[in-house]
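my_file-v7.cif (mmCIF, C-alpha atoms and all ligand atoms)
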```cif
data_run
#
loop_
_atom_site.label_atom_id
_atom_site.label_comp_id
_atom_site.auth_asym_id
_atom_site.auth_seq_id
_atom_site.Cartn_x
_atom_site.Cartn_y
_atom_site.Cartn_z
CA MET A 1 4.17 -5.82 4.44
CA MET A 2 0.60 -4.68 5.10
CA VAL A 3 -0.25 -1.36 3.45
CA THR A 4 -3.44 0.67 3.57
CA ALA A 5 -4.05 3.20 0.81
CA LEU A 6 -6.68 5.91 0.65
CA ALA A 7 -7.81 6.64 -2.88
CA GLY A 8 -10.36 8.42 -5.00
CA GLY A 9 -10.51 8.48 -8.79
CA VAL A 10 -8.03 8.07 -11.62
CA GLY A 11 -4.70 9.22 -10.05
CA GLY A 12 -5.43 7.28 -6.88
CA ALA A 13 -6.28 4.15 -8.82
CA LYS A 14 -2.99 4.31 -10.73
CA LEU A 15 -0.86 4.41 -7.59
CA ALA A 16 -3.04 1.69 -6.02
CA ALA A 17 -2.27 -0.48 -9.07
CA GLY A 18 1.45 0.22 -8.59
CA LEU A 19 1.23 -0.73 -4.90
CA GLN A 20 -0.62 -3.92 -5.84
CA ALA A 21 2.13 -4.76 -8.32
CA VAL A 22 4.96 -4.45 -5.77
CA LEU A 23 3.23 -6.05 -2.75
CA PRO A 24 2.48 -9.72 -2.14
CA SER A 25 -1.13 -10.57 -3.05
CA GLY A 26 -3.49 -9.70 -0.20
CA ASP A 27 -1.14 -7.25 1.55
CA LEU A 28 -2.84 -4.14 0.18
CA THR A 29 -6.11 -2.63 1.39
CA VAL A 30 -7.49 0.26 -0.63
CA ILE A 31 -10.09 2.45 1.05
CA VAL A 32 -12.09 4.20 -1.65
CA ASN A 33 -14.10 7.41 -1.66
CA THR A 34 -17.83 6.91 -2.17
CA GLY A 35 -18.77 10.61 -1.94
CA ASP A 36 -18.96 10.66 -5.78
CA ASP A 37 -21.66 7.96 -5.77
CA PHE A 38 -25.11 8.80 -7.04
CA GLU A 39 -28.40 7.38 -8.17
CA HIS A 40 -28.78 7.61 -11.93
CA LEU A 41 -31.32 5.96 -14.27
CA GLY A 42 -32.56 3.95 -11.29
CA MET A 43 -29.09 2.55 -10.57
CA ARG A 44 -26.44 3.12 -7.91
CA ILE A 45 -23.28 4.35 -9.61
CA CYS A 46 -20.01 4.26 -7.62
CA PRO A 47 -17.51 5.87 -10.02
CA ASP A 48 -14.41 5.88 -7.81
CA LEU A 49 -14.93 2.29 -6.65
CA ASP A 50 -15.32 1.19 -10.26
CA THR A 51 -12.27 3.17 -11.39
CA VAL A 52 -10.19 1.47 -8.68
CA ILE A 53 -11.59 -2.01 -9.39
CA TYR A 54 -11.17 -1.74 -13.18
CA THR A 55 -7.64 -0.37 -12.79
CA LEU A 56 -6.60 -3.08 -10.32
CA ALA A 57 -8.06 -5.69 -12.66
CA GLY A 58 -6.17 -4.12 -15.60
CA ILE A 59 -9.36 -3.67 -17.63
CA ASN A 60 -9.80 0.12 -17.36
CA ASN A 61 -9.93 2.50 -20.28
CA PRO A 62 -6.38 3.90 -20.42
CA GLU A 63 -7.46 7.07 -22.28
CA THR A 64 -10.14 8.30 -19.89
CA GLY A 65 -8.89 6.51 -16.77
CA TRP A 66 -12.53 5.65 -15.93
CA GLY A 67 -14.75 3.04 -17.57
CA LEU A 68 -13.67 -0.09 -19.39
CA ALA A 69 -11.18 -0.64 -22.21
CA GLY A 70 -12.74 -1.60 -25.54
CA GLU A 71 -16.13 -0.29 -24.44
CA THR A 72 -19.12 0.10 -26.79
CA TRP A 73 -21.93 2.65 -26.43
CA GLU A 74 -25.05 1.08 -27.95
CA PHE A 75 -27.10 1.51 -24.77
CA LEU A 76 -26.22 5.20 -24.42
CA GLY A 77 -27.08 5.84 -28.10
CA ALA A 78 -30.43 4.08 -27.76
CA LEU A 79 -31.16 6.00 -24.55
CA GLU A 80 -30.37 9.29 -26.26
CA ARG A 81 -32.73 8.47 -29.15
CA LEU A 82 -35.49 8.02 -26.57
CA GLY A 83 -34.71 11.45 -25.10
CA GLY A 84 -33.21 9.88 -21.94
CA ASP A 85 -30.53 11.34 -19.71
CA ALA A 86 -27.26 10.60 -21.53
CA TRP A 87 -24.89 13.20 -20.04
CA PHE A 88 -23.23 10.61 -17.81
CA ARG A 89 -21.60 8.17 -20.19
CA LEU A 90 -22.38 4.59 -19.23
CA GLY A 91 -20.81 2.04 -21.56
CA ASP A 92 -22.47 -1.25 -22.46
CA ARG A 93 -20.09 -3.45 -20.44
CA ASP A 94 -19.78 -1.00 -17.57
CA LEU A 95 -23.57 -1.15 -17.29
CA ALA A 96 -23.36 -4.74 -16.04
CA VAL A 97 -21.60 -3.57 -12.86
CA HIS A 98 -24.23 -0.92 -12.13
CA VAL A 99 -27.18 -3.26 -12.80
CA GLU A 100 -25.72 -6.08 -10.69
CA ARG A 101 -24.62 -3.78 -7.85
CA THR A 102 -28.07 -2.17 -7.74
CA ARG A 103 -29.74 -5.59 -7.67
CA ARG A 104 -27.54 -6.81 -4.81
CA LEU A 105 -28.11 -3.59 -2.84
CA ALA A 106 -31.87 -4.03 -3.29
CA ASP A 107 -31.38 -7.59 -2.01
CA GLY A 108 -29.97 -6.10 1.21
CA GLN A 109 -26.27 -6.79 0.65
CA PRO A 110 -23.86 -4.14 1.98
CA LEU A 111 -21.73 -2.27 -0.55
CA SER A 112 -18.54 -3.67 0.99
CA ARG A 113 -19.66 -7.28 0.42
CA ILE A 114 -20.79 -6.53 -3.13
CA THR A 115 -17.43 -4.88 -3.84
CA ALA A 116 -15.53 -7.87 -2.43
CA GLY A 117 -17.63 -10.15 -4.64
CA PHE A 118 -16.80 -8.13 -7.75
CA CYS A 119 -13.09 -8.16 -6.83
CA ASP A 120 -13.15 -11.95 -6.44
CA ALA A 121 -14.94 -12.34 -9.76
CA LEU A 122 -12.33 -10.15 -11.49
CA GLY A 123 -9.37 -11.90 -9.84
CA ILE A 124 -8.24 -8.92 -7.73
CA GLY A 125 -6.17 -9.99 -4.70
CA THR A 126 -6.25 -6.52 -3.12
CA HIS A 127 -8.87 -5.74 -0.46
CA VAL A 128 -10.97 -2.92 -1.90
CA LEU A 129 -13.17 -1.27 0.72
CA PRO A 130 -15.76 1.40 0.03
CA MET A 131 -15.09 3.96 2.79
CA SER A 132 -18.55 3.30 4.26
CA ASP A 133 -21.59 1.15 3.55
CA SER A 134 -23.85 4.11 4.33
CA PRO A 135 -24.44 6.66 1.57
CA VAL A 136 -22.31 9.81 1.75
CA ARG A 137 -22.89 12.39 -0.95
CA THR A 138 -20.42 15.13 -1.80
CA LEU A 139 -22.10 18.46 -2.49
CA VAL A 140 -20.23 21.27 -4.23
CA HIS A 141 -21.13 24.78 -3.14
CA THR A 142 -20.62 27.07 -6.11
CA ALA A 143 -21.33 30.62 -7.15
CA ALA A 144 -24.19 29.07 -9.17
CA GLY A 145 -25.68 27.25 -6.16
CA THR A 146 -25.10 23.87 -4.53
CA LEU A 147 -24.59 20.99 -6.94
CA ALA A 148 -24.51 17.22 -6.49
CA PHE A 149 -20.96 16.07 -7.25
CA GLN A 150 -21.56 14.50 -10.68
CA GLU A 151 -23.74 17.45 -11.70
CA TYR A 152 -20.74 19.67 -11.00
CA PHE A 153 -18.06 17.32 -12.29
CA VAL A 154 -19.52 15.74 -15.42
CA ARG A 155 -22.67 17.64 -16.39
CA GLN A 156 -21.23 21.12 -15.78
CA ARG A 157 -17.61 20.09 -16.51
CA CYS A 158 -16.30 21.70 -13.30
CA VAL A 159 -17.07 25.17 -14.72
CA PRO A 160 -18.93 26.74 -11.74
CA VAL A 161 -16.69 28.55 -9.27
CA VAL A 162 -16.34 26.49 -6.07
CA THR A 163 -16.95 28.14 -2.70
CA GLY A 164 -16.92 25.03 -0.48
CA PHE A 165 -18.02 21.44 0.00
CA ALA A 166 -20.41 19.44 2.14
CA PHE A 167 -20.48 15.70 2.69
CA ASP A 168 -24.08 14.81 3.17
CA GLY A 169 -24.55 11.81 5.45
CA ALA A 170 -20.87 11.64 6.53
CA LYS A 171 -21.67 12.44 10.16
CA TYR A 172 -23.97 9.43 10.44
CA ALA A 173 -21.97 7.02 8.32
CA SER A 174 -19.61 4.56 9.92
CA ALA A 175 -16.27 3.87 8.31
CA ASN A 176 -15.74 0.37 6.95
CA PHE A 177 -12.29 0.16 8.52
CA THR A 178 -10.24 0.93 11.57
CA LEU A 179 -6.52 1.38 11.15
CA ASN A 180 -6.02 -0.49 14.41
CA SER A 181 -7.75 -3.63 13.20
CA ILE A 182 -5.58 -3.48 10.08
CA SER A 183 -2.49 -2.79 12.23
CA GLN A 184 -3.04 -5.94 14.28
CA THR A 185 -1.88 -7.74 11.20
CA GLY A 186 1.25 -5.54 11.18
CA LEU A 187 0.44 -2.40 9.19
CA SER A 188 3.66 -0.99 7.66
CA ALA A 189 2.43 2.14 5.93
CA ILE A 190 -0.57 4.30 5.19
CA VAL A 191 -0.47 5.83 1.72
CA ILE A 192 -2.66 8.74 0.69
CA CYS A 193 -2.79 8.42 -3.08
CA PRO A 194 -2.44 11.39 -5.47
CA SER A 195 -6.19 12.00 -5.51
CA ASN A 196 -8.08 15.28 -5.17
CA PRO A 197 -7.63 16.26 -1.49
CA TYR A 198 -10.99 18.03 -1.25
CA VAL A 199 -13.37 15.66 -2.98
CA SER A 200 -11.59 12.29 -3.12
CA ILE A 201 -9.72 12.04 0.20
CA GLY A 202 -11.73 14.74 2.01
CA PRO A 203 -14.92 12.63 2.28
CA ILE A 204 -12.95 9.73 3.84
CA LEU A 205 -11.47 12.13 6.43
CA GLU A 206 -14.99 13.38 7.25
CA LEU A 207 -16.20 9.99 8.50
CA PRO A 208 -16.52 9.82 12.28
CA GLY A 209 -13.24 8.84 13.91
CA VAL A 210 -11.12 8.65 10.77
CA ARG A 211 -9.20 11.89 11.29
CA ASP A 212 -8.53 10.89 14.93
CA GLN A 213 -7.33 7.47 13.84
CA LEU A 214 -4.98 9.02 11.32
CA GLN A 215 -3.68 11.45 13.93
CA ALA A 216 -2.93 8.48 16.23
CA ARG A 217 -1.76 6.36 13.30
CA PRO A 218 -0.19 2.99 14.02
CA ALA A 219 2.19 3.24 11.05
CA PRO A 220 3.88 6.05 9.09
CA ALA A 221 1.57 7.93 6.74
CA VAL A 222 2.80 9.20 3.39
CA ALA A 223 0.88 11.22 0.82
CA VAL A 224 1.78 11.63 -2.83
CA SER A 225 1.05 15.09 -4.22
CA PRO A 226 -1.62 15.27 -6.94
CA ILE A 227 -0.35 18.76 -7.83
CA VAL A 228 2.70 18.97 -10.08
CA GLY A 229 4.11 22.32 -11.13
CA GLY A 230 1.01 24.09 -9.79
CA LEU A 231 -1.32 22.01 -11.94
CA ALA A 232 -3.46 18.97 -11.28
CA LEU A 233 -2.47 16.08 -13.54
CA LYS A 234 -6.14 15.30 -14.00
CA GLY A 235 -9.31 16.86 -12.71
CA PRO A 236 -10.16 20.12 -10.98
CA ALA A 237 -7.94 20.05 -7.84
CA ALA A 238 -5.84 23.08 -8.87
CA LYS A 239 -8.88 25.02 -10.07
CA MET A 240 -10.64 24.30 -6.77
CA MET A 241 -7.59 25.43 -4.76
CA THR A 242 -7.42 28.73 -6.63
CA GLU A 243 -11.16 29.33 -6.21
CA LEU A 244 -10.88 28.60 -2.49
CA GLY A 245 -8.16 31.25 -2.17
CA HIS A 246 -5.03 29.09 -2.13
CA VAL A 247 -2.12 29.08 -4.52
CA PRO A 248 -2.22 25.58 -6.03
CA SER A 249 0.99 23.83 -5.06
CA ALA A 250 2.32 20.63 -3.57
CA ALA A 251 2.98 22.59 -0.35
CA ALA A 252 -0.70 23.59 -0.18
CA VAL A 253 -1.65 19.91 -0.39
CA ALA A 254 0.78 19.09 2.44
CA GLN A 255 -0.85 21.89 4.43
CA PHE A 256 -4.32 20.38 3.77
CA TYR A 257 -3.11 17.10 5.32
CA SER A 258 -1.48 18.87 8.26
CA GLY A 259 -1.23 16.62 11.32
CA LEU A 260 -1.89 13.47 9.31
CA LEU A 261 1.46 12.91 7.59
CA ASP A 262 4.97 11.72 8.35
CA GLY A 263 6.12 11.97 4.77
CA PHE A 264 5.15 13.70 1.54
CA VAL A 265 6.17 12.77 -1.99
CA ILE A 266 6.51 15.65 -4.43
CA ASP A 267 7.50 15.80 -8.07
CA ARG A 268 10.94 16.87 -9.27
CA ALA A 269 9.23 19.91 -10.81
CA ASP A 270 8.41 21.03 -7.25
CA ALA A 271 11.77 20.21 -5.64
CA GLN A 272 12.16 23.85 -4.53
CA GLN A 273 9.17 23.38 -2.17
CA ALA A 274 10.83 20.54 -0.26
CA GLU A 275 12.41 22.80 2.37
CA LEU A 276 9.17 24.65 3.02
CA ILE A 277 7.36 21.36 3.63
CA ARG A 278 10.21 19.92 5.73
CA ALA A 279 9.98 23.03 7.93
CA THR A 280 6.50 21.83 8.97
CA GLY A 281 8.11 18.63 10.31
CA VAL A 282 7.08 16.37 7.42
CA GLU A 283 9.83 14.45 5.60
CA VAL A 284 9.90 14.93 1.84
CA LEU A 285 10.80 12.61 -1.02
CA VAL A 286 11.38 14.20 -4.41
CA ALA A 287 10.46 11.73 -7.15
CA ASP A 288 8.99 11.40 -10.64
CA THR A 289 5.30 11.31 -9.74
CA VAL A 290 3.71 11.47 -13.20
CA MET A 291 2.40 7.98 -13.97
CA LEU A 292 2.16 7.55 -17.73
CA THR A 293 3.11 3.86 -17.91
CA ASP A 294 2.71 0.75 -15.74
CA ALA A 295 6.45 0.97 -15.03
CA ASP A 296 5.96 4.54 -13.70
CA ARG A 297 3.26 3.34 -11.28
CA THR A 298 5.35 0.47 -10.02
CA ARG A 299 8.45 2.63 -9.57
CA LEU A 300 6.54 5.36 -7.72
CA ALA A 301 4.84 2.74 -5.51
CA ARG A 302 8.18 1.13 -4.66
CA GLU A 303 9.85 4.48 -3.92
CA THR A 304 6.89 5.57 -1.78
CA LEU A 305 7.00 2.36 0.29
CA GLU A 306 10.78 2.53 0.64
CA PHE A 307 10.42 6.14 1.80
CA ALA A 308 7.68 5.17 4.31
CA ALA A 309 9.97 2.45 5.69
CA THR A 310 12.54 5.11 6.65
CA LEU A 311 9.95 7.11 8.65
CA THR A 312 8.65 6.90 12.17
CA VAL A 313 5.26 8.15 13.31
CA ARG A 314 5.50 11.71 14.61
CA LYS A 315 4.66 11.49 18.29
CA ASP A 316 3.23 14.98 18.48
CA GLY A 317 0.56 13.77 16.05
CA GLY A 318 1.71 16.77 14.07
N1 LIG B 401 -16.39 11.18 -16.02
C1 LIG B 401 -16.63 12.09 -16.96
O1 LIG B 401 -15.94 13.12 -17.01
N2 LIG B 401 -17.66 11.92 -17.88
C2 LIG B 401 -18.45 10.82 -17.87
O2 LIG B 401 -19.38 10.70 -18.70
C3 LIG B 401 -18.17 9.79 -16.90
C4 LIG B 401 -18.88 8.62 -16.86
C5 LIG B 401 -18.51 7.62 -15.94
C6 LIG B 401 -19.16 6.38 -15.96
C7 LIG B 401 -18.82 5.40 -15.07
C8 LIG B 401 -17.80 5.64 -14.12
O3 LIG B 401 -17.44 4.68 -13.25
C9 LIG B 401 -17.13 6.87 -14.10
C10 LIG B 401 -17.49 7.86 -15.00
N3 LIG B 401 -16.83 9.09 -15.01
C11 LIG B 401 -17.12 10.03 -15.97
C12 LIG B 401 -15.82 9.42 -13.99
C13 LIG B 401 -16.50 9.92 -12.73
O4 LIG B 401 -17.31 11.00 -12.94
C14 LIG B 401 -15.62 10.19 -11.48
O5 LIG B 401 -16.43 10.68 -10.48
C15 LIG B 401 -14.48 11.14 -11.66
O6 LIG B 401 -13.45 10.47 -12.29
C16 LIG B 401 -13.96 11.70 -10.30
O7 LIG B 401 -13.30 10.74 -9.58
#
```

Could you write out this structure as structure tokens?
Amino acid sequence: MMVTALAGGVGGAKLAAGLQAVLPSGDLTVIVNTGDDFEHLGMRICPDLDTVIYTLAGINNPETGWGLAGETWEFLGALERLGGDAWFRLGDRDLAVHVERTRRLADGQPLSRITAGFCDALGIGTHVLPMSDSPVRTLVHTAAGTLAFQEYFVRQRCVPVVTGFAFDGAKYASANFTLNSISQTGLSAIVICPSNPYVSIGPILELPGVRDQLQARPAPAVAVSPIVGGLALKGPAAKMMTELGHVPSAAAVAQFYSGLLDGFVIDRADAQQAELIRATGVEVLVADTVMLTDADRTRLARETLEFAATLTVRKDGG
């Protein structure tokens, strides 16, 4: 059963790990947002790719969701003593990935090949694809000016009020995947993970041709809501929605993905929104979507795939 998942940071990585656990090795392709990537201390940092890779390898820090378990911070402490830029917390072991990725990029290797090499080295059977090999940079327009994504997210802790987004380079970047080439091997489902719609999935949708491909999808597409009870489980998705003039809700996420979905998975806490979403022609599964344990991820992944298997692609592309 071939499955393609679109994912960004922590929530996306958790469901991707659940999908990996329930699918035969090699059947899952995870397309990962690279709009969060940036150059820092002379290195290329790809936070969402690393979050997905570490989570799929089972070596991620379970408290933060990003970075490595059992990490130490000697490098960061030494950097701080020198007066260096220590606001973005790079752990000692995590550093190895950034140094080696930067070296391979300087050697001329594409990000997709470097990522595949890291996955092999870490024993990950899933195909992890950066959304593009060309740099795309998410910019956050705020009341305090336009900020590079990590400036907004980490340095300013998502405090500035968001007025919009831009995805620098997206227009000229080519996607590292086509759903049709994946579907030749019998694609069964497309899963949009419970990641931030604006800044984790949004950049993937901005790549040339991707939205069209999803509209003409070769297999049913299902998204899992990252909003539960009007709140984001992690990160600023609900805050962003409010600031952009929407009421944060699962239904608002479904609306954001309008035309791209056959099914939508919402939490039991939001069961009363099911009818509203169904009225837009999208099937709804009400499930427990909060993933606290490995068992939660696996159960949600299984239920999402079983739900997708009951769906057919909406012919109106709607
Ligand atoms: N997120 C933070 O909130 N603070 C950090 O200091 C931080 C460091 C960091 C280092 C490596 C890495 O792969 C991810 C890191 N993240 C950090 C997460 C990162 O900012 C992601 O962009 C978000 O999780 C959004 O997906």

Query - 8 Å shell around ligand LIG 401 (chain B) using only C-alpha atoms and all ligand atoms, listed as a ChimeraX atom specification - result: /A:8-10,36-37,45-51,64-67,87-91,94,149-150,153-155,157,200,235

For the residues selected in the previous step, produce a file with C-alpha atoms as a PDB file, in the coordinates of the input.
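again_29.pdb, freshly written:
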```
ATOM      1  CA  GLY A   8     -10.360   8.420  -5.000  1.00  0.00           C
ATOM      2  CA  GLY A   9     -10.510   8.480  -8.790  1.00  0.00           C
ATOM      3  CA  VAL A  10      -8.030   8.070 -11.620  1.00  0.00           C
ATOM      4  CA  ASP A  36     -18.960  10.660  -5.780  1.00  0.00           C
ATOM      5  CA  ASP A  37     -21.660   7.960  -5.770  1.00  0.00           C
ATOM      6  CA  ILE A  45     -23.280   4.350  -9.610  1.00  0.00           C
ATOM      7  CA  CYS A  46     -20.010   4.260  -7.620  1.00  0.00           C
ATOM      8  CA  PRO A  47     -17.510   5.870 -10.020  1.00  0.00           C
ATOM      9  CA  ASP A  48     -14.410   5.880  -7.810  1.00  0.00           C
ATOM     10  CA  LEU A  49     -14.930   2.290  -6.650  1.00  0.00           C
ATOM     11  CA  ASP A  50     -15.320   1.190 -10.260  1.00  0.00           C
ATOM     12  CA  THR A  51     -12.270   3.170 -11.390  1.00  0.00           C
ATOM     13  CA  THR A  64     -10.140   8.300 -19.890  1.00  0.00           C
ATOM     14  CA  GLY A  65      -8.890   6.510 -16.770  1.00  0.00           C
ATOM     15  CA  TRP A  66     -12.530   5.650 -15.930  1.00  0.00           C
ATOM     16  CA  GLY A  67     -14.750   3.040 -17.570  1.00  0.00           C
ATOM     17  CA  TRP A  87     -24.890  13.200 -20.040  1.00  0.00           C
ATOM     18  CA  PHE A  88     -23.230  10.610 -17.810  1.00  0.00           C
ATOM     19  CA  ARG A  89     -21.600   8.170 -20.190  1.00  0.00           C
ATOM     20  CA  LEU A  90     -22.380   4.590 -19.230  1.00  0.00           C
ATOM     21  CA  GLY A  91     -20.810   2.040 -21.560  1.00  0.00           C
ATOM     22  CA  ASP A  94     -19.780  -1.000 -17.570  1.00  0.00           C
ATOM     23  CA  PHE A 149     -20.960  16.070  -7.250  1.00  0.00           C
ATOM     24  CA  GLN A 150     -21.560  14.500 -10.680  1.00  0.00           C
ATOM     25  CA  PHE A 153     -18.060  17.320 -12.290  1.00  0.00           C
ATOM     26  CA  VAL A 154     -19.520  15.740 -15.420  1.00  0.00           C
ATOM     27  CA  ARG A 155     -22.670  17.640 -16.390  1.00  0.00           C
ATOM     28  CA  ARG A 157     -17.610  20.090 -16.510  1.00  0.00           C
ATOM     29  CA  SER A 200     -11.590  12.290  -3.120  1.00  0.00           C
ATOM     30  CA  GLY A 235      -9.310  16.860 -12.710  1.00  0.00           C
TER      31      GLY A 235
END
```

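Using all atoms listed in the file, the nearest neighbour of Ser112 of chain A within the list A:Ala57, A:Cys158, A:Val3, A:Ala175 is A:Ala175.
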
Query raised in the report: Using only C-alpha atoms, which residue out of A:Val30, A:Thr310, A:Gly42, A:Ser258 lies closest to Asp85 of chain A?
Result: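 Among A:Val30, A:Thr310, A:Gly42, A:Ser258, it is A:Gly42 that comes nearest to Asp85 of chain A.
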
Requested in this report: Between A:Asp270, A:Glu306, A:Glu74, A:Glu39, single out the one closest to Glu151 of chain A, counting only C-alpha atoms.
Outcome: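 Using only C-alpha atoms, Glu151 of chain A sits closest to A:Glu39.
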
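Coordinates place atom CA of Gly117 of chain A at a distance of 16.1 Å from atom CA of Met131 of chain A.
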
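Computed from the coordinates, the atom CA of Ser25 of chain A to atom CA of Cys193 of chain A distance equals 19.1 Å.
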
Report task. Calculate how many Å separate atom CA of Tyr257 of chain A from atom CA of Ala166 of chain A, rounding to one decimal. Result -> 17.7 Å

Query raised in the report: Residues at most 12 Å from Tyr152 of chain A, counting all atoms listed in the file, excluding those fewer than 3 positions away in the same chain, as a PyMOL selection string?
Result: chain A and resi 36+87-88+138-149+155-162+165+199+235-236+240

Requested in this report: Neighbourhood query: residues within 12 Å of (-32.0, 2.8, -16.2), file coordinates, counting all atoms listed in the file; return as an MDAnalysis selection string.
Outcome: chainID A and resid 39:45 75:76 78:79 84:86 88 90 95:96 98:99 102

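Between Tyr198 of chain A and the residues A:Ala287, A:Leu15, A:Ala173, A:Met241, the shortest atom-to-atom distance, using only C-alpha atoms, involves A:Met241.
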
Query raised in the report: Within 6 Å of Ile227 of chain A, counting all atoms listed in the file, which residues qualify if same-chain residues fewer than 3 places away don't, as a PyMOL selection string?
Result: chain A and resi 230-232+249-250

**Report entry** Contact residues around Leu207 of chain A with all atoms listed in the file at 12 Å, ignoring same-chain residues under 6 positions, as a ChimeraX atom specification
**Finding:** /A:33-35,131-137,167-178,201,213-214

Query raised in the report: If we count all atoms listed in the file, what is near Ile192 of chain A at a cut-off of 7 Å, once residues fewer than 6 positions away on the same chain are taken out, given as number ranges by chain?
Result: A: 5-7, 222-224

Query - Selection near Val191 of chain A, 12 Å with all atoms listed in the file, sequence-local residues under 3 positions removed, as number ranges by chain - result: A: 2-7, 12, 15-16, 18-19, 28-31, 187-188, 194-195, 201, 214, 217, 219-225, 260-265, 300-309

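In this comparison, which uses all atoms listed in the file, the residue of A:Leu179, A:Ile53, A:Val228, A:Leu233 approaching Ala252 of chain A most closely is A:Val228.
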